[in-house]
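Trainee: One file: final_9.txt (compact mmCIF, C-alpha atoms and all ligand atoms).
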```txt
# COMPACT_ATOMS: atom_id res chain seq x y z
CA MET A 1 -1.69 -7.81 28.94
CA LYS A 2 -1.66 -4.23 27.73
CA ALA A 3 -1.16 -3.25 24.12
CA HIS A 4 -0.29 0.15 22.74
CA ARG A 5 -0.53 2.08 19.56
CA THR A 6 1.04 5.42 18.87
CA LEU A 7 0.11 8.36 16.70
CA LEU A 8 2.71 11.05 16.06
CA ILE A 9 1.60 14.65 15.70
CA LYS A 10 4.09 17.22 14.51
CA LEU A 11 4.11 20.38 16.58
CA LEU A 12 4.88 23.76 15.16
CA GLU A 13 8.25 25.02 16.23
CA ASN A 14 6.95 28.47 17.06
CA ASN A 15 4.54 26.82 19.51
CA CYS A 16 7.37 25.14 21.38
CA ASP A 17 10.58 26.03 23.07
CA ILE A 18 13.02 23.41 21.78
CA GLY A 19 15.59 24.15 24.48
CA TYR A 20 12.96 23.62 27.15
CA ILE A 21 11.86 20.29 25.66
CA LYS A 22 15.50 19.20 25.54
CA ARG A 23 15.83 19.93 29.26
CA LEU A 24 12.66 17.97 30.04
CA MET A 25 13.96 15.05 27.99
CA ALA A 26 17.23 15.05 29.92
CA LEU A 27 15.29 15.09 33.22
CA THR A 28 13.17 12.18 31.98
CA ASN A 29 16.32 10.16 31.41
CA LEU A 30 17.31 10.82 35.04
CA ALA A 31 13.82 9.89 36.24
CA TYR A 32 14.19 6.50 34.52
CA ARG A 33 17.26 6.02 36.69
CA ASP A 34 15.35 6.89 39.86
CA TYR A 35 16.91 10.31 40.28
CA GLU A 36 14.77 13.25 41.27
CA VAL A 37 16.32 16.51 40.22
CA TRP A 38 14.20 19.52 41.17
CA VAL A 39 15.10 22.42 38.94
CA PRO A 40 14.13 25.83 40.40
CA ASP A 41 13.23 27.53 37.13
CA LEU A 42 10.90 24.83 35.81
CA PRO A 43 7.18 24.78 36.71
CA LYS A 44 6.57 22.59 39.76
CA THR A 45 3.55 20.97 38.15
CA ILE A 46 5.56 19.38 35.39
CA GLN A 47 8.22 18.16 37.81
CA HIS A 48 5.58 16.62 40.09
CA GLN A 49 4.14 14.99 37.00
CA LEU A 50 7.56 13.63 36.07
CA TYR A 51 8.49 12.18 39.45
CA GLY A 52 5.12 11.66 41.11
CA SER A 53 3.50 9.44 38.56
CA PHE A 54 6.53 8.11 36.80
CA LYS A 55 6.24 4.64 38.30
CA ASN A 56 2.78 4.32 36.78
CA TYR A 57 4.18 5.02 33.36
CA MET A 58 6.96 2.52 33.81
CA GLU A 59 4.37 -0.18 34.34
CA SER A 60 2.09 1.01 31.67
CA LEU A 61 4.26 2.08 28.81
CA VAL A 62 5.98 -0.44 26.64
CA LEU A 63 7.80 2.46 25.09
CA GLY A 64 9.22 3.31 28.45
CA THR A 65 12.28 1.13 28.22
CA VAL A 66 15.18 2.56 30.15
CA PRO A 67 17.38 4.67 27.87
CA LYS A 68 20.56 2.76 27.10
CA ARG A 69 22.95 5.56 27.87
CA TRP A 70 23.20 8.35 30.39
CA PHE A 71 22.09 11.77 29.18
CA VAL A 72 20.52 10.40 26.06
CA ARG A 73 17.27 12.27 25.51
CA ALA A 74 14.18 10.31 26.49
CA TRP A 75 10.67 11.27 25.45
CA VAL A 76 8.71 12.86 28.27
CA PRO A 77 5.65 10.84 29.33
CA LEU A 78 2.57 12.92 30.08
CA LYS A 79 -0.89 12.24 31.43
CA VAL A 80 -3.84 12.97 29.21
CA LEU A 81 -7.20 14.40 30.20
CA ARG A 82 -10.04 13.55 27.79
CA VAL A 83 -13.07 15.78 27.45
CA TYR A 84 -15.60 13.98 25.26
CA GLY A 85 -18.35 15.41 23.11
CA ASP A 86 -21.04 14.46 25.65
CA ASP A 87 -19.19 16.54 28.31
CA SER A 88 -17.96 13.45 30.12
CA ILE A 89 -14.40 13.74 31.40
CA LYS A 90 -11.78 11.06 31.94
CA GLY A 91 -8.32 11.36 33.41
CA ASP A 92 -6.46 13.64 35.77
CA ARG A 93 -7.65 17.25 35.68
CA GLY A 94 -4.09 18.39 36.21
CA ALA A 95 -2.83 16.54 33.16
CA PRO A 96 -0.50 18.50 30.89
CA VAL A 97 -2.26 17.24 27.74
CA VAL A 98 -5.97 17.79 27.20
CA LEU A 99 -7.85 16.21 24.31
CA ASP A 100 -10.95 18.32 23.91
CA PHE A 101 -13.41 16.58 21.59
CA ARG A 102 -16.03 19.30 22.04
CA ASN A 103 -13.90 21.77 20.13
CA ASN A 104 -11.53 19.23 18.56
CA VAL A 105 -8.41 20.79 19.98
CA ILE A 106 -5.39 19.48 21.85
CA LYS A 107 -4.21 21.68 24.68
CA ILE A 108 -0.68 21.29 25.95
CA ARG A 109 0.24 22.92 29.22
CA TRP A 110 3.62 23.42 30.93
CA VAL A 111 5.49 21.46 28.33
CA CYS A 112 5.77 23.97 25.52
CA LYS A 113 6.40 26.70 28.07
CA ASN A 114 3.16 28.57 27.39
CA GLU A 115 -0.14 26.83 27.03
CA VAL A 116 -0.73 25.97 23.40
CA SER A 117 -3.91 24.91 21.74
CA ILE A 118 -3.66 23.07 18.46
CA PRO A 119 -6.57 22.00 16.27
CA MET A 120 -7.12 18.26 16.02
CA PRO A 121 -7.20 17.31 12.34
CA ASP A 122 -9.95 14.90 11.24
CA GLN A 123 -7.49 12.06 10.82
CA VAL A 124 -6.41 12.39 14.45
CA VAL A 125 -10.05 12.44 15.63
CA ASN A 126 -10.81 9.39 13.45
CA TRP A 127 -7.77 7.52 14.73
CA ILE A 128 -8.77 8.15 18.35
CA ASN A 129 -12.41 7.19 17.67
CA GLU A 130 -11.30 3.92 16.09
CA ARG A 131 -9.15 3.11 19.13
CA LEU A 132 -12.09 3.94 21.44
CA ARG A 133 -14.40 1.65 19.46
CA GLU A 134 -11.85 -1.15 19.87
CA GLY A 135 -12.01 -0.66 23.62
CA GLY A 136 -8.85 1.38 23.97
CA ASP A 137 -8.27 4.84 25.36
CA VAL A 138 -5.64 7.53 25.00
CA LYS A 139 -4.42 7.76 28.57
CA PHE A 140 -0.89 8.93 27.87
CA ALA A 141 1.08 11.05 25.52
CA MET A 142 4.75 11.75 25.10
CA ILE A 143 6.53 14.82 23.91
CA GLY A 144 9.96 14.80 22.39
CA LEU A 145 12.18 15.65 19.47
CA LYS A 146 12.56 13.63 16.32
CA ASP A 147 15.28 14.82 13.94
CA GLY A 148 15.38 18.00 15.99
CA GLU A 149 11.68 18.75 15.53
CA PRO A 150 9.02 18.66 18.26
CA TYR A 151 6.36 15.95 18.21
CA LEU A 152 3.55 14.87 20.43
CA ALA A 153 2.90 11.12 20.49
CA LEU A 154 -0.60 10.09 21.51
CA ILE A 155 -0.56 6.63 23.05
CA ALA A 156 -3.65 4.47 22.99
CA GLU A 157 -3.74 1.66 25.49
CA ARG A 158 -5.92 -1.39 25.52
CA GLU A 159 -6.25 -4.38 27.77
CA ILE A 160 -6.09 -7.42 25.51
CA VAL A 161 -6.49 -11.15 25.75
CA GLN A 162 -4.82 -13.19 23.02
CA TYR A 163 -7.07 -15.75 21.41
CA THR A 164 -6.13 -19.41 21.42
CA PRO A 165 -4.99 -20.21 17.90
CA SER A 166 -7.12 -22.48 15.73
CA GLU A 167 -5.76 -25.15 13.38
CA TYR A 168 -4.61 -22.34 11.09
CA ARG A 169 -1.16 -20.84 10.81
CA LEU A 170 -0.38 -17.68 8.90
CA VAL A 171 3.28 -17.66 7.93
CA VAL A 172 4.85 -14.36 6.94
CA ASP A 173 8.25 -14.54 5.33
CA VAL A 174 9.92 -11.15 5.06
CA ASN A 175 12.18 -10.93 2.03
CA SER A 176 13.49 -7.93 0.16
CA TRP A 177 10.94 -6.19 -2.05
CA ARG A 178 12.55 -7.89 -5.03
CA TYR A 179 10.90 -11.21 -4.19
CA GLY A 180 8.38 -9.60 -1.94
CA ILE A 181 6.83 -10.47 1.37
CA ALA A 182 5.59 -14.03 1.07
CA TRP A 183 2.70 -15.31 3.14
CA GLY A 184 1.16 -18.72 3.36
CA LEU A 185 -1.94 -19.93 5.13
CA ILE A 186 -1.52 -23.40 6.55
CA HIS A 187 -4.43 -25.54 7.74
CA ASN A 188 -3.84 -28.89 9.39
CA GLY A 189 -0.43 -29.28 7.78
CA GLN A 190 -1.59 -28.23 4.31
CA LEU A 191 -0.69 -25.04 2.53
CA VAL A 192 -4.09 -23.64 1.48
CA SER A 193 -3.00 -20.32 0.02
CA PHE A 194 0.26 -18.62 -0.81
CA LYS A 195 1.15 -15.22 -2.19
CA GLN A 196 4.14 -12.99 -2.73
CA GLU A 197 3.31 -9.36 -2.25
CA LYS A 198 5.45 -6.58 -3.61
CA PRO A 199 5.13 -3.06 -4.92
CA ASN A 200 5.33 -2.38 -8.64
CA LEU A 201 9.07 -2.92 -9.15
CA ASN A 202 9.12 -1.41 -12.62
CA GLU A 203 7.66 1.80 -11.26
CA LEU A 204 10.25 1.86 -8.46
CA LEU A 205 13.18 1.16 -10.75
CA THR A 206 12.02 3.77 -13.24
CA LEU A 207 11.86 6.34 -10.46
CA TYR A 208 15.27 5.20 -9.27
CA TYR A 209 16.95 5.55 -12.67
CA GLN A 210 15.29 8.91 -13.20
CA ALA A 211 16.70 10.06 -9.86
CA VAL A 212 20.17 8.73 -10.73
CA LYS A 213 20.12 10.42 -14.12
CA ARG A 214 19.12 13.77 -12.65
CA GLY A 215 21.68 13.35 -9.90
CA ARG A 216 24.42 12.82 -12.50
CA LYS A 217 23.37 15.84 -14.53
CA HIS A 218 23.37 17.88 -11.36
CA GLY A 219 26.86 16.56 -10.57
CA ALA A 220 28.07 17.59 -14.02
CA LEU A 221 26.73 21.11 -13.50
CA MET A 222 28.35 21.22 -10.10
CA ARG A 223 31.77 20.47 -11.56
CA ILE A 224 31.53 23.55 -13.74
CA GLY A 225 30.05 25.61 -10.92
CA LEU A 226 26.58 25.93 -12.42
CA HIS A 227 24.60 23.94 -9.83
CA HIS A 228 23.03 27.07 -8.34
CA THR A 229 21.34 27.95 -11.59
CA THR A 230 17.61 27.43 -12.10
CA GLN A 231 18.33 24.27 -14.08
CA GLY A 232 20.72 22.95 -11.43
CA LYS A 233 18.24 23.55 -8.66
CA ARG A 234 15.45 21.94 -10.63
CA LEU A 235 17.49 18.78 -11.26
CA ARG A 236 18.32 18.51 -7.60
CA ARG A 237 14.70 19.02 -6.60
CA GLN A 238 13.49 16.44 -9.12
CA ALA A 239 16.04 13.84 -7.99
CA LYS A 240 15.03 14.36 -4.37
CA ALA A 241 11.32 14.15 -5.18
CA ARG A 242 11.81 10.80 -6.93
CA ARG A 243 13.77 9.32 -4.07
CA GLY A 244 11.07 10.51 -1.71
CA LYS A 245 8.38 8.90 -3.86
CA ILE A 246 10.22 5.54 -3.84
CA TYR A 247 10.35 5.64 -0.08
CA ARG A 248 6.65 6.49 0.20
CA VAL A 249 5.67 3.66 -2.15
CA THR A 250 7.43 1.02 -0.03
CA ARG A 251 6.22 2.62 3.21
CA ASP A 252 2.59 2.59 2.08
CA LYS A 253 2.97 -1.02 0.92
CA ALA A 254 4.48 -1.97 4.29
CA TYR A 255 1.60 -0.42 6.24
CA PHE A 256 -1.02 -1.83 3.90
CA LEU A 257 0.39 -5.37 4.13
CA ALA A 258 0.76 -5.31 7.91
CA GLY A 259 -2.94 -4.39 8.20
CA LYS A 260 -4.03 -6.95 5.65
CA LEU A 261 -2.08 -9.82 7.24
CA VAL A 262 -3.27 -9.10 10.77
CA ARG A 263 -6.88 -9.02 9.51
CA LYS A 264 -6.28 -12.34 7.79
CA ALA A 265 -4.87 -13.85 10.98
CA LEU A 266 -7.91 -12.57 12.91
CA LYS A 267 -10.32 -14.01 10.36
CA TYR A 268 -8.91 -17.54 10.71
CA ARG A 269 -7.88 -17.09 14.35
CA ALA A 270 -4.51 -18.24 13.14
CA LEU A 271 -1.17 -18.35 14.88
CA LEU A 272 0.97 -15.72 13.18
CA VAL A 273 4.46 -17.01 12.39
CA ILE A 274 6.91 -14.28 11.39
CA ASP A 275 10.19 -15.10 9.74
CA ASP A 276 12.33 -12.02 9.61
CA MET A 277 15.07 -12.92 7.19
CA THR A 278 15.86 -9.45 5.95
CA GLU A 279 19.57 -10.00 6.65
CA GLU A 280 19.63 -13.15 4.55
CA SER A 281 17.82 -11.27 1.79
CA ARG A 282 20.35 -8.46 1.93
CA LYS A 283 23.16 -11.02 1.48
CA GLU A 284 21.35 -12.57 -1.46
CA LEU A 285 21.06 -9.15 -3.12
CA LEU A 286 24.75 -8.47 -2.45
CA GLU A 287 25.66 -11.78 -4.06
CA GLU A 288 23.71 -10.74 -7.13
CA LYS A 289 26.04 -7.74 -7.28
CA LEU A 290 23.26 -5.15 -7.32
CA PRO A 291 24.29 -1.54 -6.71
CA ARG A 292 24.21 -0.53 -3.06
CA ASP A 293 21.59 2.12 -3.77
CA VAL A 294 19.25 -0.41 -5.34
CA ILE A 295 19.70 -2.77 -2.40
CA LYS A 296 18.81 0.05 -0.05
CA LEU A 297 15.70 0.70 -2.10
CA LEU A 298 14.71 -2.98 -2.08
CA MET A 299 15.17 -3.16 1.70
CA SER A 300 13.48 0.13 2.56
CA ASN A 301 10.69 0.08 5.14
CA LEU A 302 10.96 -3.65 5.87
CA ARG A 303 11.88 -2.91 9.51
CA ARG A 304 8.84 -0.68 9.61
CA PHE A 305 6.71 -3.51 8.23
CA ILE A 306 7.83 -5.94 10.93
CA CYS A 307 7.38 -3.33 13.63
CA GLN A 308 3.87 -2.47 12.42
CA LEU A 309 2.94 -6.16 12.06
CA GLU A 310 4.00 -6.81 15.64
CA THR A 311 2.23 -3.69 16.96
CA LEU A 312 -1.02 -4.63 15.23
CA ALA A 313 -0.77 -8.28 16.29
CA GLN A 314 -0.41 -7.14 19.92
CA TRP A 315 -3.20 -4.62 19.64
CA TYR A 316 -5.71 -7.10 18.21
CA GLY A 317 -4.61 -9.97 20.44
CA VAL A 318 -3.23 -12.13 17.63
CA PRO A 319 -0.83 -14.73 19.04
CA TYR A 320 2.47 -14.59 17.18
CA VAL A 321 5.94 -16.10 17.20
CA PHE A 322 9.17 -15.16 15.50
CA LYS A 323 10.66 -18.24 13.96
CA ARG A 324 13.63 -18.80 11.71
CA LEU A 325 12.44 -20.67 8.66
CA PRO A 326 15.53 -21.18 6.49
CA SER A 327 15.20 -21.28 2.72
CA THR A 328 18.56 -22.96 2.09
CA ILE A 329 18.20 -26.00 4.36
CA CYS A 330 16.06 -29.02 3.52
CA PRO A 331 12.89 -29.10 5.67
CA VAL A 332 12.77 -32.91 5.33
CA CYS A 333 16.30 -34.05 6.16
CA GLU A 334 18.07 -30.76 7.07
CA HIS A 335 20.68 -31.28 4.36
CA LYS A 336 21.95 -28.12 2.64
CA LEU A 337 19.86 -27.25 -0.44
CA THR A 338 21.34 -26.50 -3.85
CA GLN A 339 19.94 -23.63 -5.87
CA LEU A 340 19.07 -24.29 -9.53
CA PRO A 341 18.32 -21.62 -12.12
CA GLY A 342 14.92 -20.00 -11.57
CA ARG A 343 15.44 -20.01 -7.78
CA ILE A 344 14.46 -23.66 -7.48
CA MET A 345 15.94 -25.40 -4.45
CA VAL A 346 16.75 -29.11 -4.47
CA CYS A 347 18.04 -31.48 -1.82
CA GLU A 348 20.70 -33.81 -3.12
CA ASN A 349 20.18 -36.05 -0.14
CA CYS A 350 16.43 -36.78 -0.17
CA GLY A 351 15.23 -35.30 -3.45
CA PHE A 352 13.09 -32.51 -1.93
CA LYS A 353 12.43 -29.80 -4.51
CA ALA A 354 10.61 -26.47 -4.20
CA PRO A 355 10.80 -22.83 -5.28
CA ARG A 356 13.07 -20.93 -2.90
CA ASP A 357 10.28 -18.78 -1.45
CA MET A 358 8.16 -21.85 -0.69
CA VAL A 359 10.82 -23.59 1.40
CA PRO A 360 9.99 -21.56 4.55
CA MET A 361 6.34 -22.65 4.21
CA HIS A 362 7.44 -26.30 4.30
CA TRP A 363 9.39 -25.54 7.45
CA ALA A 364 6.35 -23.85 8.95
CA ILE A 365 4.25 -26.97 8.32
CA THR A 366 6.71 -29.21 10.17
CA PHE A 367 7.47 -27.20 13.31
CA LYS A 368 5.64 -27.98 16.52
CA THR A 369 4.09 -25.10 18.43
CA PRO A 370 5.50 -24.68 21.92
ZN ZN B 401 16.49 -33.39 2.11
```
Render the structure in this file as structure tokens.
Mentor:
Amino acid sequence: MKAHRTLLIKLLENNCDIGYIKRLMALTNLAYRDYEVWVPDLPKTIQHQLYGSFKNYMESLVLGTVPKRWFVRAWVPLKVLRVYGDDSIKGDRGAPVVLDFRNNVIKIRWVCKNEVSIPMPDQVVNWINERLREGGDVKFAMIGLKDGEPYLALIAEREIVQYTPSEYRLVVDVNSWRYGIAWGLIHNGQLVSFKQEKPNLNELLTLYYQAVKRGRKHGALMRIGLHHTTQGKRLRRQAKARRGKIYRVTRDKAYFLAGKLVRKALKYRALLVIDDMTEESRKELLEEKLPRDVIKLLMSNLRRFICQLETLAQWYGVPYVFKRLPSTICPVCEHKLTQLPGRIMVCENCGFKAPRDMVPMHWAITFKTP
């Protein structure tokens, strides 16, 4: 099985011809559908690259799922030539993307119209080195537009073998940030550790109310036509900065937790059980009549967390399953649970009682692995 990890690098707009990238993306969509369209005014090399080796990409790239609609823009897959520090070379010499580790530059040919050479920042070099140490290699890249801006995606690929899980199970229950992401480590039917991880909610809510307050003041100025003043602009900028900070806090937490949990699974050679109940959590927050904005904040970056958790699990060969582990149904007799104050769940049928966030762990203990 092959696993992939992606690193996005933003390209400078003056290095790229956006219109040209758009055309290449449209041609890529056609190539996915087995059409070869030879366009006279595009370099032959890039068109050969697109049609000649496309089948290889299809097999190799997980990202290469067929675009759902016609004419939707698909990222353009590209071969990568690697020139290492010891002068050894890997890959096709005619590849449009060259990673030159002797000078730490990325050269892109035929895709940005002219050849461009962009310096490889240390973090990119470090990321690639880490992937190489893990036995991977950056054989492919993709170029495309994200929110109208050009990006190069470096794709590391690695041949992996999943380990056979031990007697351990690591259960990850994805709730809103309000109650946090709960994880439990189960060994031979016993819960040995349990934790709910969440960002500092007070900090987030403070930032949120500050943003709301500044937004309101800005609105008031707008109504009297003074929003273009220095004060108006400052309020707008401050509100935006706070919203951005909130988003970054949950994003960093999401990435941090995904890394931490995959390392934990590796340590115990555990089966990773992921319960994605973000929808249920959203409903719970709606029932609590929280403002829509706050709900959005409490749900931000959870998709990203699950995506990153799955990517890392694949990359490190951690066996994982997605499993619904309900928190409102009794794990003993499957009767509906009643919620008491303090988020305690009880079963009126068999007497089972547990905190709401622990119920999924009880389910995880009972289910049989396929
Ligand atoms: Zn029961």
Trainee: Which residues sit within 9 Å of ligand ZN 401 (chain B), counting all atoms listed in the file, listed as a PDB file with C-alpha atoms, in the coordinates of the input?
Mentor:
```pdb
ATOM      1  CA  ILE A 329      18.200 -26.000   4.360  1.00  0.00           C
ATOM      2  CA  CYS A 330      16.060 -29.020   3.520  1.00  0.00           C
ATOM      3  CA  PRO A 331      12.890 -29.100   5.670  1.00  0.00           C
ATOM      4  CA  VAL A 332      12.770 -32.910   5.330  1.00  0.00           C
ATOM      5  CA  CYS A 333      16.300 -34.050   6.160  1.00  0.00           C
ATOM      6  CA  GLU A 334      18.070 -30.760   7.070  1.00  0.00           C
ATOM      7  CA  HIS A 335      20.680 -31.280   4.360  1.00  0.00           C
ATOM      8  CA  LYS A 336      21.950 -28.120   2.640  1.00  0.00           C
ATOM      9  CA  LEU A 337      19.860 -27.250  -0.440  1.00  0.00           C
ATOM     10  CA  VAL A 346      16.750 -29.110  -4.470  1.00  0.00           C
ATOM     11  CA  CYS A 347      18.040 -31.480  -1.820  1.00  0.00           C
ATOM     12  CA  GLU A 348      20.700 -33.810  -3.120  1.00  0.00           C
ATOM     13  CA  ASN A 349      20.180 -36.050  -0.140  1.00  0.00           C
ATOM     14  CA  CYS A 350      16.430 -36.780  -0.170  1.00  0.00           C
ATOM     15  CA  GLY A 351      15.230 -35.300  -3.450  1.00  0.00           C
ATOM     16  CA  PHE A 352      13.090 -32.510  -1.930  1.00  0.00           C
ATOM     17  CA  LYS A 353      12.430 -29.800  -4.510  1.00  0.00           C
TER      18      LYS A 353
END
```
Trainee: Between A:His227, A:Lys2, A:Lys264, A:Arg237, single out the one closest to A:Val172, counting only C-alpha atoms.
Mentor: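 Checking each of A:His227, A:Lys2, A:Lys264, A:Arg237 against A:Val172, counting only C-alpha atoms, the winner is A:Lys264.
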Trainee: So, with all atoms listed in the file as the atoms that count, which of A:Val318, A:Val98, A:Ala254, A:Val111 lies closest to A:Trp177?
Mentor: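 Under the stated criterion, the closest residue is A:Ala254.
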Trainee: May I ask which of the residues A:Pro341, A:Pro199, A:Pro96, A:Pro355 is the closest one to A:Ile46, counting all atoms listed in the file?
Mentor: A:Pro96
Trainee: Which polymer residues have any atom within 12 Å of an atom of stretch 48-52 of chain A, counting all atoms listed in the file, with same-chain residues fewer than 6 positions away left out, as number ranges by chain?
Mentor: A: 24-39, 42, 58, 75-80, 92, 94-97, 109-111, 142
Trainee: Print the selection's residues with C-alpha atoms to a file, as a CSV table (one decimal), in the coordinates of the input.
Mentor:
```
chain,number,residue,atom,x,y,z
A,24,LEU,CA,12.7,18.0,30.0
A,25,MET,CA,14.0,15.0,28.0
A,26,ALA,CA,17.2,15.0,29.9
A,27,LEU,CA,15.3,15.1,33.2
A,28,THR,CA,13.2,12.2,32.0
A,29,ASN,CA,16.3,10.2,31.4
A,30,LEU,CA,17.3,10.8,35.0
A,31,ALA,CA,13.8,9.9,36.2
A,32,TYR,CA,14.2,6.5,34.5
A,33,ARG,CA,17.3,6.0,36.7
A,34,ASP,CA,15.4,6.9,39.9
A,35,TYR,CA,16.9,10.3,40.3
A,36,GLU,CA,14.8,13.2,41.3
A,37,VAL,CA,16.3,16.5,40.2
A,38,TRP,CA,14.2,19.5,41.2
A,39,VAL,CA,15.1,22.4,38.9
A,42,LEU,CA,10.9,24.8,35.8
A,58,MET,CA,7.0,2.5,33.8
A,75,TRP,CA,10.7,11.3,25.4
A,76,VAL,CA,8.7,12.9,28.3
A,77,PRO,CA,5.6,10.8,29.3
A,78,LEU,CA,2.6,12.9,30.1
A,79,LYS,CA,-0.9,12.2,31.4
A,80,VAL,CA,-3.8,13.0,29.2
A,92,ASP,CA,-6.5,13.6,35.8
A,94,GLY,CA,-4.1,18.4,36.2
A,95,ALA,CA,-2.8,16.5,33.2
A,96,PRO,CA,-0.5,18.5,30.9
A,97,VAL,CA,-2.3,17.2,27.7
A,109,ARG,CA,0.2,22.9,29.2
A,110,TRP,CA,3.6,23.4,30.9
A,111,VAL,CA,5.5,21.5,28.3
A,142,MET,CA,4.8,11.8,25.1
```
Trainee: Using all atoms listed in the file, find all polymer residues with an atom at most 10 Å away from the point (-5.6, -9.7, 31.3); report them as a ChimeraX atom specification.
Mentor: /A:1-2,159-162
Trainee: Choose the residue, out of A:Pro360, A:Gly244, A:Gly317, A:Pro150, that has the smallest atom-to-atom separation from A:Ile21; count only C-alpha atoms.
Mentor: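 Smallest separation from A:Ile21 among the options: A:Pro150.
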Trainee: Could you check the closest approach to A:Val321 for each of A:Leu272, A:Ile155, A:Leu221, A:Cys307 and tell me which residue wins, using all atoms listed in the file?
Mentor: A:Leu272
Trainee: With a distance cut-off of 6 Å and all atoms listed in the file, select the neighbouring residues of stretch 193-195 of chain A, excluding the residue or stretch itself and same-chain residues fewer than 3 positions from it, and output the selection as an MDAnalysis selection string.
Mentor: chainID A and resid 182:185
Trainee: Using all atoms listed in the file, which residues sit within 10 Å of stretch 277-281 of chain A once same-chain residues fewer than 4 positions away are excluded, as a VMD selection string?
Mentor: chain A and resid 173 to 179 285 to 287 295 298 to 299 302 to 303 323 to 327
Trainee: Using all atoms listed in the file, which of the listed residues (A:Cys16, A:Leu132, A:Cys112, A:Ile89) sits closest to A:Pro43?
Mentor: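 Checking each candidate against A:Pro43, we get A:Cys112 as the closest.
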Trainee: To one decimal in Å, tell me the separation between atom CA of A:Ala258 and atom CA of A:Glu167.
Mentor: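 For atom CA of A:Ala258 relative to atom CA of A:Glu167, the distance reads 21.6 Å.
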Trainee: Please fill the gaps in stretch 330-341 of chain A so it has N, CA, C and O atoms, and write that as a PDB file, in the coordinates of the input.
Mentor:
```
ATOM      1  N   CYS A 330      17.169 -28.121   3.842  1.00  0.00           N
ATOM      2  CA  CYS A 330      16.060 -29.020   3.520  1.00  0.00           C
ATOM      3  C   CYS A 330      15.126 -29.205   4.723  1.00  0.00           C
ATOM      4  O   CYS A 330      15.570 -29.584   5.799  1.00  0.00           O
ATOM      5  N   PRO A 331      13.826 -28.936   4.562  1.00  0.00           N
ATOM      6  CA  PRO A 331      12.890 -29.100   5.670  1.00  0.00           C
ATOM      7  C   PRO A 331      12.609 -30.569   6.002  1.00  0.00           C
ATOM      8  O   PRO A 331      12.030 -30.874   7.036  1.00  0.00           O
ATOM      9  N   VAL A 332      13.022 -31.485   5.103  1.00  0.00           N
ATOM     10  CA  VAL A 332      12.770 -32.910   5.330  1.00  0.00           C
ATOM     11  C   VAL A 332      13.942 -33.544   6.091  1.00  0.00           C
ATOM     12  O   VAL A 332      13.749 -34.193   7.115  1.00  0.00           O
ATOM     13  N   CYS A 333      15.168 -33.354   5.559  1.00  0.00           N
ATOM     14  CA  CYS A 333      16.300 -34.050   6.160  1.00  0.00           C
ATOM     15  C   CYS A 333      17.382 -33.096   6.693  1.00  0.00           C
ATOM     16  O   CYS A 333      18.411 -33.539   7.183  1.00  0.00           O
ATOM     17  N   GLU A 334      17.153 -31.783   6.564  1.00  0.00           N
ATOM     18  CA  GLU A 334      18.070 -30.760   7.070  1.00  0.00           C
ATOM     19  C   GLU A 334      19.432 -30.747   6.381  1.00  0.00           C
ATOM     20  O   GLU A 334      20.405 -30.223   6.904  1.00  0.00           O
ATOM     21  N   HIS A 335      19.480 -31.337   5.188  1.00  0.00           N
ATOM     22  CA  HIS A 335      20.680 -31.280   4.360  1.00  0.00           C
ATOM     23  C   HIS A 335      20.704 -29.890   3.700  1.00  0.00           C
ATOM     24  O   HIS A 335      19.666 -29.260   3.541  1.00  0.00           O
ATOM     25  N   LYS A 336      21.883 -29.430   3.309  1.00  0.00           N
ATOM     26  CA  LYS A 336      21.950 -28.120   2.640  1.00  0.00           C
ATOM     27  C   LYS A 336      21.325 -28.212   1.241  1.00  0.00           C
ATOM     28  O   LYS A 336      21.534 -29.186   0.522  1.00  0.00           O
ATOM     29  N   LEU A 337      20.514 -27.223   0.872  1.00  0.00           N
ATOM     30  CA  LEU A 337      19.860 -27.250  -0.440  1.00  0.00           C
ATOM     31  C   LEU A 337      20.751 -26.606  -1.502  1.00  0.00           C
ATOM     32  O   LEU A 337      21.536 -25.709  -1.210  1.00  0.00           O
ATOM     33  N   THR A 338      20.597 -27.085  -2.728  1.00  0.00           N
ATOM     34  CA  THR A 338      21.340 -26.500  -3.850  1.00  0.00           C
ATOM     35  C   THR A 338      20.363 -25.674  -4.677  1.00  0.00           C
ATOM     36  O   THR A 338      19.231 -26.094  -4.915  1.00  0.00           O
ATOM     37  N   GLN A 339      20.827 -24.493  -5.091  1.00  0.00           N
ATOM     38  CA  GLN A 339      19.940 -23.630  -5.870  1.00  0.00           C
ATOM     39  C   GLN A 339      20.145 -23.855  -7.371  1.00  0.00           C
ATOM     40  O   GLN A 339      21.253 -23.768  -7.878  1.00  0.00           O
ATOM     41  N   LEU A 340      19.038 -24.131  -8.066  1.00  0.00           N
ATOM     42  CA  LEU A 340      19.070 -24.290  -9.530  1.00  0.00           C
ATOM     43  C   LEU A 340      18.613 -22.980 -10.170  1.00  0.00           C
ATOM     44  O   LEU A 340      18.066 -22.127  -9.488  1.00  0.00           O
ATOM     45  N   PRO A 341      18.818 -22.837 -11.468  1.00  0.00           N
ATOM     46  CA  PRO A 341      18.320 -21.620 -12.120  1.00  0.00           C
ATOM     47  C   PRO A 341      16.818 -21.467 -11.882  1.00  0.00           C
ATOM     48  O   PRO A 341      16.103 -22.465 -11.745  1.00  0.00           O
TER      49      PRO A 341
END
```
